Amino acid sequence: MITEGFNIFNASAGSGKTYQLTKNFLSLILAPKSRQKYRQMLAITFTNKAVGEMKQRILKSLHDFSMPQVPLGSRTMFEEIKIKFDYTPEKLKSLSKDTLKDILHNYAFFEVLTIDKFTHRIIRTFAKDLKIAQNFEVDLDIITLTDQAVSRVLNKAGKQQELTRLLIDFALEKIDDDKSWNIALDLNKMGKSLFVESHIHHLQNLMGKTTSDFINLQKILQAKITQNTTALKKHAQQILHIIDANGLEHGDFYSQYLPKFMLQILERGANIDFKAKWKQDIMGAQLYTKNSSANIQDTIENIRPKVSRLFEELRTIFYKQVFYSKSYKNIVPMTILNEISKEIKNIQEEQNTLTISNFNILISAEIKNQPVPFIYERLGERFRHYFIDEFQDTSKMQWENLVPLIANALEGENEQGEQGSLYLVGDVKQAIYRWRGGEAEQLLNLSFNKTNPFAIAPKVQLLDKNWRSHSKIIEFNNGFFMHAAAKLSNSVYQKLFEEGNQQMTNNKIGGFIEISFLEIDKEAEIHPQCIAILERINKIRAQGYDYSDICILVRDNKNGVLIADFLSNQSIPIISAEALLLKSNEVVIFLISLLQFINHPNEKGCQFAILEYLAGQVENKHAFITEHMDRLASFLYEVYGFNLDAAGQMNTYDLLELAIQKFDLVPDSNAYVAFLMDEVHEMGIKENVSVFEFLHYWELKKEKLAIKAPETMNAVQIMTIHKSKGLEFPFVIFPFADSLINDKSKSNDVWVPVESNMFSGFDELMIKCYDDLQYYSNEANAVYQIETEKSELDDFNVLYVAMTRAVQGLFVLPTHKTGKSKDVKDSYATLLTDYLKTLGLWETTKMTYGMGELSKKQDSAEMTSTEYIPYIYTTKNNEALTIVPSNFHYWNQEEQQAIDKGNKLHKLMANVKFNTDVDNAIHALVKIGEITREEASGYEQILTQLVNHPQLQGLFQDFDQVMNEIDVLNIDGTLIRPDRVVVKNGKTTIIDYKTGKIFDSHKKQLENYAQVFSKMGYFVDQKVLIYIDDTIKPIFI
């Protein structure tokens, strides 16, 4: 087993990478003389769920190792570690027990984090050095941020002449393409690219460009387009002239191809193509028939060189023309995108926020300017051992930012002469997040030692045993992907699938694979894929399996919705992303429609939605809706007691609570409504949200707001392939398995280098990748080849993930492709067809191919029943009534007033990390009614004195870490909660706030806190009691 240095685990699907990570982690912390080594270890992964799973796996293993009888599931790892260190069972059990206890008592030092949380910590710690405000907030809501920026850009319309013209041009272009003139939605979609790492640096280069610069570029491109259109027609005219001058008729040419094509150019300009085979090689093309006279043949051959030269020039002009035209169409979006980018930066500066995408940029910019990046010096001393999971999804910038930190551990030694270690775990074949910045080539290059940022070479280990699937599925996938790899253009990618996918089987013998090619009838009322899916579900169920044993994987949500609707109508229980969305629940739809009606009383759409819900089981719904449509407000008051005018005066949360009560919307339990109310409540805490504002928020977020499904629910799961990564299911149904490989209709934006002196100072242009891009220039060809190869790998990887989720049975449903083989593009369906032909199984009339056996379920675990918690609403019958959270025995007494003041001051200071947080802390308590607006100014004066006190200023700014009101478990099992703990330069200050008289017990309490923190490894430098009254009195102990 690899235990030190630089280690790479190439982990194919189901190969037990979590087991390997856990084993290596435990091997380090359970090694001889390794007490508290976990404090020097950092494990990084990409999702909070993965963090939870990794922590649970490590802690559970330690717990199992310490038991008198090690559970069966942990016994293999226990034995491996025992043998590695030559421990007795008792020794390893004792070590495991002590280590587990140590970790639980010092849990803050058990560092398993998402990479975003780690970079956030770096930014927060070194905010001053990075020249950003220390009290910045992390903005996770890029949808709202982008929407705010788009609104600002649109508000400039009519005020900035050049930008106004561009916005109008963009709207007119959408109308020409038969799309809505409302450009806000398109601008919001475009704005997402501002947070994608592959675009960030390119877009930053445009920040210095003005609208005028883009307009100048637009004029230059328009001039080039005009010039090239003229040149195309001139060359076509010259070729036709040569034909005529040599006495040739158009009919003398084979199918009149050449002259006919020249006439098309004269008529259409650049609206042509060069895809036909004869156009690719005019010198070798058949230009006349075999029956042509010798004279005609000789004449054509005589003019061929000259025609060929003009034809090649014409083709070169055409490729330039296409590039100019596509670039021209992209100028307006690029200009507006640049404006959105500037507004986002303005908003972030105003609101003192940073997005996660900002983190890596800030760190990258800082470390590039320094030989030994100072921001890593202290962190580098702490962390010596690194574990990075799912490395294939790490972005280039994320990895480059981590390299200096890891290099410090790998290439240096600690005081005991020990070197650090690095464990990278990943699988390039499962790299399906390139669109999110993942750079799979990093893992490939490190594995083949093509690039290595460290002084030591990696030890590469292939985890080549599949512990997940049954043998038939493993064997099929081994053969299929080895055969399909030949379709990949990149030889390294080919090798990856040919050699890296030969997995060994486990002790799970058997399994079942079925590939069914479906004939698609466009006139069919029900999609054939849906019928086929239902048949497979029934087939699996007939063998005794539960609905929850089945997962349907789709490439996109559109097909997921189609399948979910069909299965729901067939009374098949389902869990899908669409079904979990709040907008799919009829009660939520009703509540949103009610808000829309209050906001726009004359809007017929929301009136109809309200009445449609209230009609319920009414026999004649049409008559019911028609009767009440014109007097809906009166109807709601007369029948349900819901006063529209009164409701309109309420805040959104109370309004919805009232509606839930009046219309009896949740008699039992409704997770969707509970989630909606939580969302409204969260918004209300941050700011006073009107109905209009919440509806705007709803429009932005309704495609994302969703409840979480109970894991024990007996239902068929429908999910995208991307979300299935890392998961497994007894049975997988993979419908619509006919995606094209490298589908250019869904191509990505690429940045093509151009000569800045020819393009108004721009040195690159953003454009959708298209086939003819490769012919524009050498630089464009390089961009095209890289993008094509990566797109092919993307499609192969998605297919690989889909085909490797199944444990017992895999059902693949491609579409049967007809037509000439040369016209059928490479797709998942053609890859499967070719492989079946290779196996000798393909028959033209046979549509279904089964391999293995679909066995009956051996045991049936009882499904856990779901307990429903009733929804409790708390409407306010009297808006003027306020509940005072105080003990009635002390009302109006001085003692209670003093206690209240102390409690409120503690609550306020719990929300103050930096000296600039005072206003926000007070606003938050005013918002929830803890303090009145009249009291606010007094508390503001006290807190401002405190945080700016000459003896205390350094404790509210320029620190490395702060913990307010943190619960700490003492060794005797008691809890302590110091008011504030500040860490700076390795020194710790513990602070407690007091009101009223000075007592000796206060000092003793603080001394106790200091002892506990010292035992935890903190160097306690100062202990401060701060007495708060009309003046601030700090006492340093």
# chains A, B, ... in the order shown; residues from 1 in each chain; ligands from 1

$ residues_around --residues "range 333-341 of chain A" --least-positions-apart "3" --cutoff "9 Å" --atoms "only C-alpha atoms" --output "PyMOL selection string"
chain A and resi 146+149-150+152-153+163+166-167+170+187+190-191+193-194+203-204+206-207+209-211+214-215+329-330+344-346+765-766

$ write_last_selection --atoms "N, CA and C atoms" --output "tab-separated table (two decimals), in the first residue's frame"
chain	number	residue	atom	x	y	z
A	146	THR	N	-26.57	38.25	-10.87
A	146	THR	CA	-26.59	38.49	-12.32
A	146	THR	C	-27.83	39.28	-12.71
A	149	ALA	N	-27.39	42.89	-11.95
A	149	ALA	CA	-26.48	43.52	-12.92
A	149	ALA	C	-27.18	43.75	-14.25
A	150	VAL	N	-27.96	42.76	-14.72
A	150	VAL	CA	-28.70	42.89	-15.98
A	150	VAL	C	-29.69	44.05	-15.89
A	152	ARG	N	-29.46	46.71	-14.11
A	152	ARG	CA	-28.70	47.97	-14.19
A	152	ARG	C	-28.31	48.30	-15.63
A	153	VAL	N	-27.90	47.26	-16.35
A	153	VAL	CA	-27.52	47.48	-17.75
A	153	VAL	C	-28.74	47.94	-18.56
A	163	LEU	N	-24.82	52.17	-26.06
A	163	LEU	CA	-25.33	50.95	-25.43
A	163	LEU	C	-26.80	50.73	-25.81
A	166	LEU	N	-27.03	49.13	-29.16
A	166	LEU	CA	-26.65	47.71	-29.11
A	166	LEU	C	-27.77	46.85	-28.51
A	167	LEU	N	-28.43	47.36	-27.47
A	167	LEU	CA	-29.53	46.62	-26.86
A	167	LEU	C	-30.70	46.47	-27.84
A	170	PHE	N	-29.77	43.88	-30.40
A	170	PHE	CA	-29.89	42.54	-29.83
A	170	PHE	C	-31.35	42.09	-29.82
A	187	LEU	N	-30.01	37.75	-21.45
A	187	LEU	CA	-28.87	38.40	-20.80
A	187	LEU	C	-28.51	37.68	-19.51
A	190	MET	N	-26.63	34.59	-20.51
A	190	MET	CA	-25.27	34.97	-20.91
A	190	MET	C	-24.41	35.26	-19.69
A	191	GLY	N	-25.02	35.89	-18.70
A	191	GLY	CA	-24.28	36.31	-17.51
A	191	GLY	C	-23.67	35.15	-16.74
A	193	SER	N	-21.88	32.82	-17.82
A	193	SER	CA	-20.51	32.54	-18.28
A	193	SER	C	-19.48	33.38	-17.54
A	194	LEU	N	-19.92	34.45	-16.88
A	194	LEU	CA	-19.00	35.31	-16.13
A	194	LEU	C	-18.44	34.59	-14.90
A	203	LEU	N	-12.65	37.22	-20.23
A	203	LEU	CA	-13.58	38.33	-20.00
A	203	LEU	C	-12.92	39.45	-19.20
A	204	GLN	N	-12.00	39.08	-18.30
A	204	GLN	CA	-11.28	40.12	-17.55
A	204	GLN	C	-10.44	40.99	-18.48
A	206	LEU	N	-11.28	41.97	-21.24
A	206	LEU	CA	-12.17	42.91	-21.93
A	206	LEU	C	-12.61	44.06	-21.03
A	207	MET	N	-12.32	43.94	-19.71
A	207	MET	CA	-12.83	44.93	-18.76
A	207	MET	C	-12.40	46.36	-19.11
A	209	LYS	N	-12.14	47.52	-22.07
A	209	LYS	CA	-12.76	47.95	-23.33
A	209	LYS	C	-14.04	48.73	-23.07
A	210	THR	N	-14.26	49.75	-23.88
A	210	THR	CA	-15.48	50.55	-23.78
A	210	THR	C	-16.48	50.10	-24.85
A	211	THR	N	-17.69	50.60	-24.73
A	211	THR	CA	-18.71	50.30	-25.74
A	211	THR	C	-18.24	50.78	-27.11
A	214	PHE	N	-16.03	48.27	-28.85
A	214	PHE	CA	-16.77	47.17	-29.46
A	214	PHE	C	-17.46	47.61	-30.75
A	215	ILE	N	-17.96	48.82	-30.74
A	215	ILE	CA	-18.63	49.33	-31.96
A	215	ILE	C	-17.61	49.49	-33.08
A	329	LYS	N	-21.86	38.60	-35.40
A	329	LYS	CA	-23.10	38.32	-34.67
A	329	LYS	C	-22.85	38.25	-33.17
A	330	ASN	N	-21.61	37.97	-32.78
A	330	ASN	CA	-21.30	37.80	-31.37
A	330	ASN	C	-20.84	39.10	-30.70
A	344	ILE	N	-21.59	43.82	-12.20
A	344	ILE	CA	-21.43	42.83	-11.13
A	344	ILE	C	-20.32	43.27	-10.18
A	345	LYS	N	-19.23	43.76	-10.75
A	345	LYS	CA	-18.12	44.25	-9.92
A	345	LYS	C	-18.56	45.43	-9.07
A	346	ASN	N	-19.35	46.34	-9.65
A	346	ASN	CA	-19.86	47.48	-8.89
A	346	ASN	C	-20.75	47.04	-7.73
A	765	LEU	N	-11.32	36.72	-30.05
A	765	LEU	CA	-12.76	36.88	-30.20
A	765	LEU	C	-13.46	35.63	-29.72
A	766	MET	N	-14.61	35.82	-29.07
A	766	MET	CA	-15.41	34.69	-28.60
A	766	MET	C	-16.39	34.28	-29.69

$ residues_around --residues "range 31-42 of chain A" --least-positions-apart "5" --cutoff "6 Å" --atoms "only C-alpha atoms" --output "number ranges by chain"
A: 109, 111, 382-386

$ residues_around --residues "Lys82 in chain A" --least-positions-apart "6" --cutoff "9 Å" --atoms "only C-alpha atoms" --output "JSON, numbers by chain"
{"A": [88, 89, 91, 92]}

$ write_last_selection --atoms "N, CA and C atoms" --output "short mmCIF file (atom, residue, chain, number, x, y, z; two decimals), in the first residue's frame"
data_model
loop_
_atom_site.label_atom_id
_atom_site.label_comp_id
_atom_site.auth_asym_id
_atom_site.auth_seq_id
_atom_site.Cartn_x
_atom_site.Cartn_y
_atom_site.Cartn_z
N THR A 88 -0.73 -5.87 17.33
CA THR A 88 -1.64 -6.90 17.82
C THR A 88 -3.05 -6.34 17.69
N PRO A 89 -4.08 -7.17 17.62
CA PRO A 89 -5.45 -6.65 17.55
C PRO A 89 -5.75 -5.70 18.70
N LYS A 91 -3.68 -3.80 20.40
CA LYS A 91 -2.98 -2.54 20.21
C LYS A 91 -3.73 -1.64 19.23
N LEU A 92 -4.17 -2.19 18.10
CA LEU A 92 -4.87 -1.39 17.10
C LEU A 92 -6.22 -0.91 17.63
#

$ residues_around --residues "range 1020-1025 of chain A" --least-positions-apart "4" --cutoff "7 Å" --atoms "only C-alpha atoms" --output "PyMOL selection string"
chain A and resi 987-993+1006+1010+1014+1034-1037

$ residues_around --residues "Ala532 in chain A" --least-positions-apart "5" --cutoff "9 Å" --atoms "only C-alpha atoms" --output "short mmCIF file (atom, residue, chain, number, x, y, z; two decimals) with C-alpha atoms, in the first residue's frame"
data_model
loop_
_atom_site.label_atom_id
_atom_site.label_comp_id
_atom_site.auth_asym_id
_atom_site.auth_seq_id
_atom_site.Cartn_x
_atom_site.Cartn_y
_atom_site.Cartn_z
CA SER A 516 -33.32 -2.36 -27.28
CA LEU A 518 -36.65 1.60 -30.72
CA HIS A 527 -43.54 8.40 -27.04
CA ILE A 537 -40.20 -1.36 -14.91
CA PRO A 735 -33.49 5.81 -22.41
CA LEU A 813 -32.81 2.20 -25.06
#

$ select_by_dssp --residues "range 317-560 of chain A" --states "strand (DSSP E or B)" --output "number ranges by chain"
A: 353-354, 385-388, 395, 413, 419, 421-426, 438, 459-463, 465, 504, 512-516, 518, 550-554

$ write_last_selection --atoms "N, CA and C atoms" --output "CSV table (one decimal), in the first residue's frame"
chain,number,residue,atom,x,y,z
A,353,THR,N,-19.4,42.0,-1.1
A,353,THR,CA,-19.6,40.6,-1.2
A,353,THR,C,-18.6,40.0,-2.2
A,354,LEU,N,-18.4,38.7,-2.1
A,354,LEU,CA,-17.5,38.0,-3.1
A,354,LEU,C,-18.3,36.7,-3.4
A,385,HIS,N,-0.1,16.7,5.2
A,385,HIS,CA,-0.6,15.6,4.4
A,385,HIS,C,-2.0,16.0,3.7
A,386,TYR,N,-2.0,15.7,2.4
A,386,TYR,CA,-3.2,16.2,1.6
A,386,TYR,C,-3.8,15.0,0.9
A,387,PHE,N,-5.2,15.1,0.9
A,387,PHE,CA,-6.0,14.1,0.2
A,387,PHE,C,-6.9,14.9,-0.7
A,388,ILE,N,-6.9,14.7,-2.0
A,388,ILE,CA,-7.8,15.4,-2.9
A,388,ILE,C,-8.7,14.3,-3.7
A,395,SER,N,-10.5,22.4,-11.1
A,395,SER,CA,-10.2,23.3,-12.2
A,395,SER,C,-8.7,23.6,-12.2
A,413,GLU,N,10.8,19.2,5.0
A,413,GLU,CA,10.7,18.3,6.2
A,413,GLU,C,10.3,19.1,7.4
A,419,GLN,N,8.8,14.0,5.7
A,419,GLN,CA,8.2,14.7,4.6
A,419,GLN,C,6.7,14.5,4.6
A,421,SER,N,2.9,14.3,2.5
A,421,SER,CA,2.4,13.4,1.4
A,421,SER,C,1.2,14.0,0.7
A,422,LEU,N,0.9,13.5,-0.5
A,422,LEU,CA,-0.2,13.9,-1.3
A,422,LEU,C,-0.9,12.7,-1.9
A,423,TYR,N,-2.2,12.6,-1.8
A,423,TYR,CA,-3.0,11.5,-2.3
A,423,TYR,C,-4.0,12.1,-3.3
A,424,LEU,N,-3.9,11.9,-4.5
A,424,LEU,CA,-4.9,12.3,-5.5
A,424,LEU,C,-5.7,11.1,-6.0
A,425,VAL,N,-7.0,11.3,-6.0
A,425,VAL,CA,-7.9,10.2,-6.4
A,425,VAL,C,-8.8,10.7,-7.4
A,426,GLY,N,-8.9,10.0,-8.6
A,426,GLY,CA,-9.8,10.4,-9.6
A,426,GLY,C,-9.9,9.5,-10.8
A,438,GLY,N,-13.9,22.0,-14.7
A,438,GLY,CA,-13.1,20.8,-14.4
A,438,GLY,C,-12.1,20.6,-15.5
A,459,LYS,N,3.7,8.2,-7.6
A,459,LYS,CA,3.5,6.8,-7.7
A,459,LYS,C,2.1,6.5,-8.1
A,460,VAL,N,1.9,5.9,-9.2
A,460,VAL,CA,0.6,5.8,-9.8
A,460,VAL,C,0.1,4.4,-9.6
A,461,GLN,N,-1.1,4.3,-9.0
A,461,GLN,CA,-1.7,3.0,-8.8
A,461,GLN,C,-3.1,2.9,-9.4
A,462,LEU,N,-3.3,1.9,-10.2
A,462,LEU,CA,-4.6,1.7,-10.9
A,462,LEU,C,-5.5,0.8,-10.0
A,463,LEU,N,-6.7,1.3,-9.6
A,463,LEU,CA,-7.6,0.5,-8.9
A,463,LEU,C,-8.5,-0.2,-9.9
A,465,LYS,N,-10.2,-3.2,-9.9
A,465,LYS,CA,-11.3,-4.2,-9.6
A,465,LYS,C,-12.6,-3.5,-9.3
A,504,MET,N,-11.4,-5.9,-13.4
A,504,MET,CA,-11.6,-7.3,-12.9
A,504,MET,C,-12.9,-7.4,-12.2
A,512,PHE,N,-27.5,-8.7,-15.8
A,512,PHE,CA,-28.3,-8.7,-17.0
A,512,PHE,C,-28.1,-7.4,-17.7
A,513,ILE,N,-27.9,-7.5,-19.0
A,513,ILE,CA,-27.8,-6.3,-19.9
A,513,ILE,C,-28.8,-6.5,-21.0
A,514,GLU,N,-29.6,-5.4,-21.3
A,514,GLU,CA,-30.5,-5.5,-22.4
A,514,GLU,C,-30.4,-4.2,-23.2
A,515,ILE,N,-30.2,-4.3,-24.5
A,515,ILE,CA,-30.1,-3.2,-25.4
A,515,ILE,C,-31.3,-3.3,-26.4
A,516,SER,N,-32.1,-2.3,-26.4
A,516,SER,CA,-33.3,-2.4,-27.3
A,516,SER,C,-33.4,-1.1,-28.2
A,518,LEU,N,-35.2,1.3,-30.6
A,518,LEU,CA,-36.7,1.6,-30.7
A,518,LEU,C,-36.9,2.3,-32.0
A,550,ILE,N,-35.0,0.9,-8.8
A,550,ILE,CA,-34.9,1.3,-10.3
A,550,ILE,C,-34.5,2.8,-10.4
A,551,CYS,N,-33.6,3.1,-11.2
A,551,CYS,CA,-33.3,4.5,-11.5
A,551,CYS,C,-33.3,4.6,-13.1
A,552,ILE,N,-33.9,5.7,-13.5
A,552,ILE,CA,-33.9,6.1,-14.9
A,552,ILE,C,-33.0,7.3,-15.1
A,553,LEU,N,-32.0,7.1,-16.0
A,553,LEU,CA,-31.0,8.1,-16.2
A,553,LEU,C,-31.2,8.8,-17.5
A,554,VAL,N,-31.3,10.2,-17.5
A,554,VAL,CA,-31.5,10.9,-18.7
A,554,VAL,C,-30.4,12.0,-18.9

$ closest_residue --among "A:Asn358, A:Asn781, A:Thr804, A:Thr815" --to "Asn478 in chain A" --atoms "only C-alpha atoms"
A:Thr804

$ closest_residue --among "A:Phe694, A:Pro573, A:Phe675, A:Val70" --to "Glu90 in chain A" --atoms "only C-alpha atoms"
A:Val70
